[in-house]
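Visitor: Once you've had a glance at the structure underneath, I'll fire off some questions.
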Amino acid sequence: MRIVDAAVVVTSPGRNFVTLQLRTDAGLTGLGDATLNGRELAVAAYLSEHVVPLLIGTDAHAIEHTWQSLYRGAYWRRGPVTMAAIAAVDVALWDIKAQVAGLPLYQLLGGASRDRVATYGHASGRDLPELFDSIRARLAEGYPAVRVQTGVPGLQRVYAVAQPDADTVLPVVEDWDSAAYLRHLPGVFESVRNEFGPDLPLLHDVHHRLSPQQAARLGRDLEPYDLFWLEDVTPAEDQSALRLVRQHTTVPLAIGEVFNTVFDYQTLITERLIDFVRSPVTHFGGITAVKKLLDLAAVYGIRSGLHGPADISPVGMAAAVHLDLAVHNFGIQEFTGHPPAAAEVFRGGYTFRDGHLHPGEAPGLGVTLDLDAAAAYPYRRAYLPVNRLHDGSVHDW
Ligand code: KDG
Ligand code: MG
């Protein structure tokens with residue numbers, strides 16, 4: 001079975017998504033997510049200009065060989081653009097292979113290890129009353145675990161709390177002060193625990209903002225509140241930073257949503273510096289690469305917590321849910337859903353019930369792409385926010 005056609009579809013039903021659709025001479029189509037938030041057209045061009053010409057005429061069943069050809073054969077390895085493009089090809093080929101087998105994709109990954117996939121949702125508020133309302137809303141939706149993000153006194157626009165301005169094109173500017181955050185956050189978790197009790201799994205995302213010393217202090221200060229995980233405490237490219245954090249706190253650490261290959265985790269996994277790996281299928285070279293990552297992590301007792309915000313498309317999310325159902329060392333899946341219009345473009349893929357996901361039993365990935373609906377939502381340039389300190393200098397976002 002040969003690949004005969006490939007389309008790169010850029011659409012914006014509420015937010016931008018990039019999707020690769022491969023077609024074979026057997027008339028089958030496979031889908032892969034190539035969305036890289038704020039840099040979408042770079043991946044679209046990488047695919048259509050550089051990857052698609054290499055794919056036409058190749059064996060659609062040779063997933064590992066195609067992966068290695070695109071990774072090793074380009075010479076310029078790694079990076080989010082390259083690995084998102086490879087991921088899209090990889091997932092589309094797994095989709096096709098599973099359709100040929102007449103099986104849902106998770107069956108090709110070893111079959112189900114669990115009945116359903118537990119998720120966490122996002123809660124945030126500028127102050128405690130707003131935060132408590134947000135947590136109650138997630139619990140009412142059935143989420144078994146909640147990520148808690150809060151405003152910080154003295155800061156106007158904080159990650160995950162500030163609402164984007166309507167129709168902004170240039171990056172929103174948020175503000176940051178690590179000292180104020182470190183003073184404020186432990187009290188917020190104390191209040192949340194007092195209000196919601198000891199059993200609710202709570203998570204928090206630091207979004208790469210602290211020095212190792214600050215992160216160590218925060219981890220220690222949060223220990224009484226028994227977090228499920230503390231995420232991205234330091235800038236992720238500095239693997240050795242987590243050695244210092246680990247020496248000072250037992251808080252479970254999660255990292256990896258901006259990683260692209262297993263090499264970004266080499267020190268972290270082999271030295272047991274983390275507890276959860278966060279890479280999504282979409283930015284990490286696809287199912288082939290994330291399955292290998294999770295198998296390495298399993299050797300060290302490290303579990304999965306795959307990245308799943310709205311910028312992972314329904315195609316990328318479906319791939320994650322198939323993996324989550326199959327791997328033994330599943331931890332939790334992030335899931336926030338997508339803008340309502342996305343359901344006009346992408347159909348199927350998974351169900352979300354009582355805070356849990358299931359990929360269903362349709363052969364393949366289970367997602368269909370409506371090209372007419374996609375065309376009705378043209379690409380709109382969009383950026384992620386940037387972060388500024390009080391003196392105007394740039395801080396990690
Ligand atoms: O595109 C950036 C987002 O995916 C990121 O800010 C979300 O940190 C995030 C998370 O944990 O979902
Ligand atoms: Mg995060």
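For the structure tokens, the naming scheme is as follows: chains receive sequential letters (A, B, ...) according to their order of presentation, residues are indexed from 1 within each chain, and ligands are indexed from 1 in presentation order.
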Show me which residues are within 7 Å of ligand 2 counting only C-alpha atoms and all ligand atoms, and format the list as a ChimeraX atom specification.

Guide: /A:205,207,231-232,257

Visitor: Name each residue within 10 Å of ligand 1, counting only C-alpha atoms and all ligand atoms, as a PyMOL selection string.

Guide: chain A and resi 35-39+121-122+147+159-160+203-208+231-232+254-258+278+280+305-312+334-336+383-385+397

Visitor: I need the residues from that last selection saved to file as a PDB file, in the first residue's frame (with C-alpha atoms), if you can.

Guide:
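Written file, again_37.pdb:
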ATOM      1  CA  THR A  35      -0.345  22.238  15.338  1.00  0.00           C
ATOM      2  CA  LEU A  36       2.403  24.342  16.931  1.00  0.00           C
ATOM      3  CA  ASN A  37       0.714  27.179  18.798  1.00  0.00           C
ATOM      4  CA  GLY A  38       1.809  30.584  17.503  1.00  0.00           C
ATOM      5  CA  ARG A  39       4.108  29.080  14.827  1.00  0.00           C
ATOM      6  CA  GLY A 121      -9.154  20.063  34.076  1.00  0.00           C
ATOM      7  CA  HIS A 122      -8.102  23.679  34.565  1.00  0.00           C
ATOM      8  CA  ARG A 147      -5.044  22.124  38.008  1.00  0.00           C
ATOM      9  CA  TYR A 159      -0.612  33.067  33.182  1.00  0.00           C
ATOM     10  CA  ALA A 160      -3.859  31.077  32.924  1.00  0.00           C
ATOM     11  CA  LEU A 203      -1.922  20.127  40.262  1.00  0.00           C
ATOM     12  CA  HIS A 204      -0.122  23.386  39.600  1.00  0.00           C
ATOM     13  CA  ASP A 205       1.835  24.715  36.599  1.00  0.00           C
ATOM     14  CA  VAL A 206       4.752  27.082  37.325  1.00  0.00           C
ATOM     15  CA  HIS A 207       5.276  27.508  33.562  1.00  0.00           C
ATOM     16  CA  HIS A 208       9.083  27.544  33.625  1.00  0.00           C
ATOM     17  CA  GLU A 231       4.761  21.257  36.727  1.00  0.00           C
ATOM     18  CA  ASP A 232       7.560  22.986  34.816  1.00  0.00           C
ATOM     19  CA  ALA A 254       6.237  16.943  36.002  1.00  0.00           C
ATOM     20  CA  ILE A 255       7.957  18.404  32.947  1.00  0.00           C
ATOM     21  CA  GLY A 256       8.245  18.045  29.201  1.00  0.00           C
ATOM     22  CA  GLU A 257       5.440  19.802  27.312  1.00  0.00           C
ATOM     23  CA  VAL A 258       8.045  21.762  25.332  1.00  0.00           C
ATOM     24  CA  ARG A 278       4.451  15.622  29.798  1.00  0.00           C
ATOM     25  CA  PRO A 280       2.233  15.395  23.745  1.00  0.00           C
ATOM     26  CA  GLY A 305       0.811  13.040  32.081  1.00  0.00           C
ATOM     27  CA  LEU A 306       0.539  14.032  28.432  1.00  0.00           C
ATOM     28  CA  HIS A 307       0.044  17.685  27.535  1.00  0.00           C
ATOM     29  CA  GLY A 308      -3.545  18.282  26.440  1.00  0.00           C
ATOM     30  CA  PRO A 309      -4.531  21.956  26.224  1.00  0.00           C
ATOM     31  CA  ALA A 310      -6.807  23.246  23.449  1.00  0.00           C
ATOM     32  CA  ASP A 311      -3.813  23.776  21.145  1.00  0.00           C
ATOM     33  CA  ILE A 312      -3.408  20.002  20.832  1.00  0.00           C
ATOM     34  CA  GLU A 334      -4.671  16.838  30.670  1.00  0.00           C
ATOM     35  CA  PHE A 335      -7.930  17.693  28.918  1.00  0.00           C
ATOM     36  CA  THR A 336      -9.561  21.094  28.421  1.00  0.00           C
ATOM     37  CA  TYR A 383       0.686  34.590  19.201  1.00  0.00           C
ATOM     38  CA  LEU A 384       1.210  33.230  22.669  1.00  0.00           C
ATOM     39  CA  PRO A 385       1.577  35.892  25.395  1.00  0.00           C
ATOM     40  CA  TRP A 397       6.390  32.799  29.858  1.00  0.00           C
TER      41      TRP A 397
END

Visitor: Within 8 Å of A:Val43, counting only C-alpha atoms, which residues qualify if same-chain residues fewer than 5 places away don't, as a ChimeraX atom specification?

Guide: /A:18,34-36,81-82,84-85

Visitor: Got a sec: who's within 12 Å of A:Gln149, counting only C-alpha atoms, leaving out chain neighbours fewer than 2 positions off, as a PyMOL selection string?

Guide: chain A and resi 121-128+130-132+134-135+146-147+151-152+158-162+181+184-186+188-189+192+202-207+230-231

Visitor: Keeping C-alpha atoms, export the residues of the selection given above as a compact mmCIF listing (two decimals), in the first residue's frame.

Guide:
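Result file result22.txt:
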# COMPACT_ATOMS: atom_id res chain seq x y z
CA GLY A 121 -9.15 20.06 34.08
CA HIS A 122 -8.10 23.68 34.57
CA ALA A 123 -9.36 25.95 37.32
CA SER A 124 -8.21 29.52 37.78
CA GLY A 125 -9.25 32.72 39.51
CA ARG A 126 -7.93 36.17 40.24
CA ASP A 127 -8.81 35.69 43.92
CA LEU A 128 -10.01 32.87 46.16
CA GLU A 130 -13.25 33.21 41.81
CA LEU A 131 -10.86 30.27 42.10
CA PHE A 132 -13.24 28.26 44.30
CA SER A 134 -13.81 27.64 39.00
CA ILE A 135 -12.83 24.49 40.94
CA VAL A 146 -7.94 19.86 38.97
CA ARG A 147 -5.04 22.12 38.01
CA GLY A 151 -3.77 35.63 40.38
CA VAL A 152 -0.96 37.19 42.40
CA VAL A 158 -0.94 36.32 35.16
CA TYR A 159 -0.61 33.07 33.18
CA ALA A 160 -3.86 31.08 32.92
CA VAL A 161 -5.80 33.75 34.81
CA ALA A 162 -5.67 36.79 32.48
CA TYR A 181 4.27 34.58 43.59
CA HIS A 184 1.31 34.07 47.73
CA LEU A 185 0.97 30.55 46.33
CA PRO A 186 1.31 28.37 49.48
CA VAL A 188 -3.75 29.68 48.15
CA PHE A 189 -3.16 25.92 48.33
CA VAL A 192 -8.03 25.23 48.59
CA LEU A 202 -4.48 19.09 42.85
CA LEU A 203 -1.92 20.13 40.26
CA HIS A 204 -0.12 23.39 39.60
CA ASP A 205 1.84 24.71 36.60
CA VAL A 206 4.75 27.08 37.33
CA HIS A 207 5.28 27.51 33.56
CA LEU A 230 4.13 20.54 40.40
CA GLU A 231 4.76 21.26 36.73

Visitor: Determine which residues of stretch 86-169 of chain A receive a DSSP assignment of strand (DSSP E or B), computed from the backbone, and state them as an MDAnalysis selection string.

Guide: chainID A and resid 104 117:125 145:150

Visitor: To one decimal place, how far is atom CA of A:Ala215 from atom CA of A:Val245 in Å?

Guide: 6.2 Å

Visitor: Please list as a PyMOL selection string every residue within 12 Å of A:Thr250, counting only C-alpha atoms and excluding residues in the same chain fewer than 5 positions away.

Guide: chain A and resi 215-230+244-245+273-275

Visitor: Please determine, counting only C-alpha atoms, which residue among A:Pro235, A:Pro129, A:Gly110, A:Gly355 has the shortest atom-to-atom distance to A:Ser211.

Guide: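 Looking at the shortest contact to A:Ser211, the residue is A:Pro235.
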
Visitor: I'd like to know which of A:Thr11, A:Thr282, A:Thr351, A:Gln239 is closest to A:Thr267, using only C-alpha atoms.

Guide: A:Gln239

Visitor: Using only C-alpha atoms, determine which residues lie at most 8 Å from A:Val262, disregarding the query and same-chain residues fewer than 4 positions distant; provide the list as a tab-separated table (two decimals) with all heavy atoms, in the first residue's frame.

Guide:
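Writing the result to out30.tsv gives the following:
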chain	number	residue	atom	x	y	z
A	266	GLN	N	16.89	12.67	28.93
A	266	GLN	CA	17.86	11.62	29.25
A	266	GLN	C	18.34	11.70	30.71
A	266	GLN	O	18.28	10.72	31.45
A	266	GLN	CB	19.05	11.74	28.31
A	266	GLN	CG	19.86	10.48	28.21
A	266	GLN	CD	20.79	10.51	27.00
A	266	GLN	OE1	21.01	11.55	26.40
A	266	GLN	NE2	21.32	9.36	26.64
A	289	ALA	N	7.32	7.76	18.82
A	289	ALA	CA	8.32	8.34	19.74
A	289	ALA	C	7.80	8.39	21.17
A	289	ALA	O	8.57	8.13	22.11
A	289	ALA	CB	8.69	9.74	19.26
A	293	LEU	N	9.34	6.73	24.59
A	293	LEU	CA	9.60	7.54	25.79
A	293	LEU	C	8.93	6.90	27.01
A	293	LEU	O	9.56	6.78	28.08
A	293	LEU	CB	9.04	8.96	25.58
A	293	LEU	CG	8.96	9.81	26.85
A	293	LEU	CD1	10.34	10.16	27.38
A	293	LEU	CD2	8.14	11.07	26.59

Visitor: Between atom CA of A:Ser191 and atom CA of A:Gly154, what is the distance in Å, rounded to a tenth?

Guide: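 Taking atom CA of A:Ser191 as the start and atom CA of A:Gly154 as the end point, the length is 19.5 Å.
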